[in-house]
$ cat protein16.txt   # compact mmCIF, C-alpha atoms and all ligand atoms
# COMPACT_ATOMS: atom_id res chain seq x y z
CA MET A 1 -5.05 7.29 -12.54
CA ALA A 2 -6.91 4.26 -11.19
CA MET A 3 -6.60 3.58 -7.47
CA ASP A 4 -4.30 0.65 -6.73
CA GLU A 5 -6.37 -2.36 -5.60
CA ARG A 6 -3.76 -3.51 -3.05
CA LEU A 7 -3.46 0.01 -1.66
CA MET A 8 -7.25 0.20 -1.25
CA ALA A 9 -7.27 -3.17 0.57
CA MET A 10 -4.43 -2.00 2.83
CA THR A 11 -6.31 1.21 3.59
CA ALA A 12 -9.46 -0.78 4.47
CA THR A 13 -7.39 -3.00 6.78
CA MET A 14 -5.90 0.04 8.52
CA LYS A 15 -9.36 1.58 8.97
CA ALA A 16 -10.63 -1.66 10.54
CA THR A 17 -7.57 -1.75 12.82
CA GLY A 18 -8.19 1.85 13.89
CA ALA A 19 -11.86 1.13 14.63
CA ALA A 20 -10.88 -1.97 16.66
CA LYS A 21 -8.39 0.13 18.65
CA MET A 22 -11.08 2.70 19.51
CA LEU A 23 -13.51 -0.07 20.46
CA GLY A 24 -10.80 -1.58 22.72
CA ILE A 25 -10.37 1.74 24.53
CA ALA A 26 -14.14 2.01 25.16
CA LYS A 27 -14.37 -1.65 26.29
CA ARG A 28 -11.46 -1.26 28.74
CA MET A 29 -13.01 1.90 30.21
CA VAL A 30 -16.32 0.11 30.76
CA ALA A 31 -14.55 -2.98 32.18
CA THR A 32 -12.61 -0.79 34.61
CA ASP A 33 -15.67 1.25 35.62
CA PRO A 34 -19.06 -0.17 34.58
CA ASP A 35 -20.67 3.14 35.55
CA VAL A 36 -18.35 5.26 33.39
CA SER A 37 -20.28 8.02 31.64
CA GLY A 38 -20.78 8.21 27.92
CA ARG A 39 -19.25 11.68 28.04
CA ASP A 40 -16.05 10.33 29.62
CA VAL A 41 -15.80 7.56 27.02
CA LEU A 42 -16.41 10.09 24.25
CA ALA A 43 -13.76 12.45 25.65
CA ARG A 44 -11.20 9.62 25.84
CA LEU A 45 -11.99 8.51 22.27
CA GLU A 46 -11.68 12.08 21.01
CA SER A 47 -8.33 12.39 22.74
CA ALA A 48 -7.13 9.07 21.28
CA MET A 49 -8.28 10.10 17.82
CA ALA A 50 -6.45 13.44 18.08
CA GLU A 51 -3.25 11.56 19.04
CA GLU A 52 -3.65 9.23 16.05
CA GLU A 53 -4.22 12.17 13.68
CA ALA A 54 -1.20 14.05 15.01
CA ALA A 55 1.03 10.97 14.59
CA ALA A 56 -0.30 10.42 11.06
CA THR A 57 0.40 14.05 10.13
CA VAL A 58 3.98 13.80 11.41
CA ALA A 59 4.53 10.59 9.42
CA TRP A 60 2.95 12.10 6.30
CA VAL A 61 5.15 15.21 6.43
CA ALA A 62 8.27 13.11 7.16
CA SER A 63 7.53 10.89 4.15
CA GLU A 64 7.46 13.86 1.75
CA PRO A 65 10.21 13.24 -0.84
CA ASP A 66 13.17 15.58 -1.35
CA ARG A 67 12.87 17.31 -4.73
CA ALA A 68 15.36 18.76 -7.18
CA ASP A 69 16.08 19.01 -10.90
CA CYS A 70 18.01 16.17 -12.54
CA ILE A 71 21.66 17.11 -12.98
CA LYS A 72 21.72 15.06 -16.21
CA CYS A 73 18.49 15.72 -18.13
CA GLY A 74 17.14 18.70 -16.16
CA GLY A 75 13.76 17.08 -15.44
CA PRO A 76 12.21 17.16 -11.97
CA VAL A 77 13.48 14.36 -9.68
CA GLU A 78 12.59 13.21 -6.18
CA THR A 79 13.71 10.65 -3.61
CA ASP A 80 12.14 7.20 -3.93
CA SER A 81 9.75 6.58 -1.00
CA ARG A 82 10.87 2.90 -0.92
CA ASP A 83 14.55 3.89 -0.67
CA ARG A 84 15.31 7.48 0.32
CA SER A 85 18.87 7.19 -0.99
CA ARG A 86 17.59 6.62 -4.55
CA TRP A 87 16.39 9.36 -6.91
CA ILE A 88 13.70 8.89 -9.54
CA HIS A 89 12.20 11.17 -12.17
CA SER A 90 8.99 12.72 -10.87
CA ALA A 91 7.32 12.46 -14.27
CA ASP A 92 7.19 8.66 -14.43
CA GLY A 93 9.04 7.27 -11.42
CA SER A 94 11.86 6.01 -13.63
CA ARG A 95 15.57 5.98 -12.82
CA GLY A 96 16.78 6.41 -16.38
CA CYS A 97 16.76 9.83 -18.06
CA ARG A 98 15.90 8.29 -21.45
CA ALA A 99 12.74 6.68 -20.06
CA ALA A 100 11.77 9.88 -18.25
CA THR A 101 12.03 11.98 -21.41
CA PHE A 102 10.25 9.50 -23.72
CA THR A 103 7.04 10.82 -25.25
CA VAL A 104 4.60 9.12 -27.59
CA GLU A 105 4.87 12.05 -30.02
CA ASP A 106 8.67 12.38 -30.11
CA GLY A 107 9.81 8.92 -28.95
CA TRP A 108 13.27 8.48 -27.43
CA ASP A 109 15.69 11.38 -27.11
CA GLU A 110 18.77 9.88 -28.80
CA THR A 111 21.00 12.63 -27.38
CA ILE A 112 20.52 11.18 -23.86
CA PRO A 113 22.92 8.31 -23.08
CA LYS A 114 21.33 5.12 -21.74
CA SER A 115 23.70 5.31 -18.77
CA TRP A 116 22.16 8.53 -17.41
CA ASN A 117 20.18 8.06 -14.21
CA ALA A 118 18.26 10.48 -12.04
CA ALA A 119 20.55 12.51 -9.78
CA PRO A 120 19.80 15.78 -8.00
CA LYS A 121 21.23 19.15 -8.93
CA ARG A 122 21.74 20.39 -5.39
CA SER A 123 22.18 24.09 -6.10
CA VAL A 124 18.58 24.68 -7.22
ZN ZN B 201 17.38 12.76 -15.61
$ encode --input "protein16.txt" --output "structure tokens"
Amino acid sequence: MAMDERLMAMTATMKATGAAKMLGIAKRMVATDPDVSGRDVLARLESAMAEEEAAATVAWVASEPDRADCIKCGGPVETDSRDRSRWIHSADGSRGCRAATFTVEDGWDETIPKSWNAAPKRSV
């Protein structure tokens, strides 16, 4: 799958923001103490980076979707990262079971009603 252009631009922006934050820490340390050692600046930057990485890991784990099998069509479903109360089919991100089970070879599964939407089977 091709990388999303907007996502790549957002990632570049976040990297630039992170670099500016680290630069700000170093500048403030030097402004506060012009004789601060390179080792002290490095230690503070390493500490700040470790804090950033820990926060990112927590956010990443928390953003992991809930997963289950669809109670209607049986396919794998997961919570939508844009709305955790909504369930989508993992295969294609669709709500509808008909869309999720469509294949180029076999087309639409006519036994699946158009009204069926992704919903979790909780007892899995
Ligand atoms: Zn389904």
$ closest_residue --input "protein16.txt" --among "A:Gly107, A:Gly18, A:Gly93, A:Pro120" --to "A:Glu53" --atoms "all atoms listed in the file"
A:Gly18
$ residues_near_ligand --input "protein16.txt" --ligand "ligand ZN 201 (chain B)" --cutoff "7 Å" --atoms "only C-alpha atoms and all ligand atoms" --output "ChimeraX atom specification"
/A:70-75,89,96-97,100,116-119
$ atom_distance --input "protein16.txt" --atom1 "atom CA of A:Met3" --atom2 "atom CA of A:Lys15"
16.8 Å
$ residues_around --input "protein16.txt" --residues "A:Val77" --least-positions-apart "4" --cutoff "6 Å" --atoms "only C-alpha atoms" --output "count of residues only"
7
$ atom_distance --input "protein16.txt" --atom1 "atom CA of A:Asp80" --atom2 "atom CA of A:Pro65"
7.1 Å
$ closest_residue --input "protein16.txt" --among "A:Lys27, A:Met22, A:Glu5, A:Ala62" --to "A:Ser47" --atoms "all atoms listed in the file"
A:Met22
$ atom_distance --input "protein16.txt" --atom1 "atom CA of A:Arg98" --atom2 "atom CA of A:Ile112"
6.0 Å
$ closest_residue --input "protein16.txt" --among "A:Arg122, A:Met49, A:Arg44, A:Lys114" --to "A:Arg28" --atoms "all atoms listed in the file"
A:Arg44
$ residues_around --input "protein16.txt" --residues "A:Ala31" --least-positions-apart "6" --cutoff "12 Å" --atoms "all atoms listed in the file" --output "count of residues only"
3
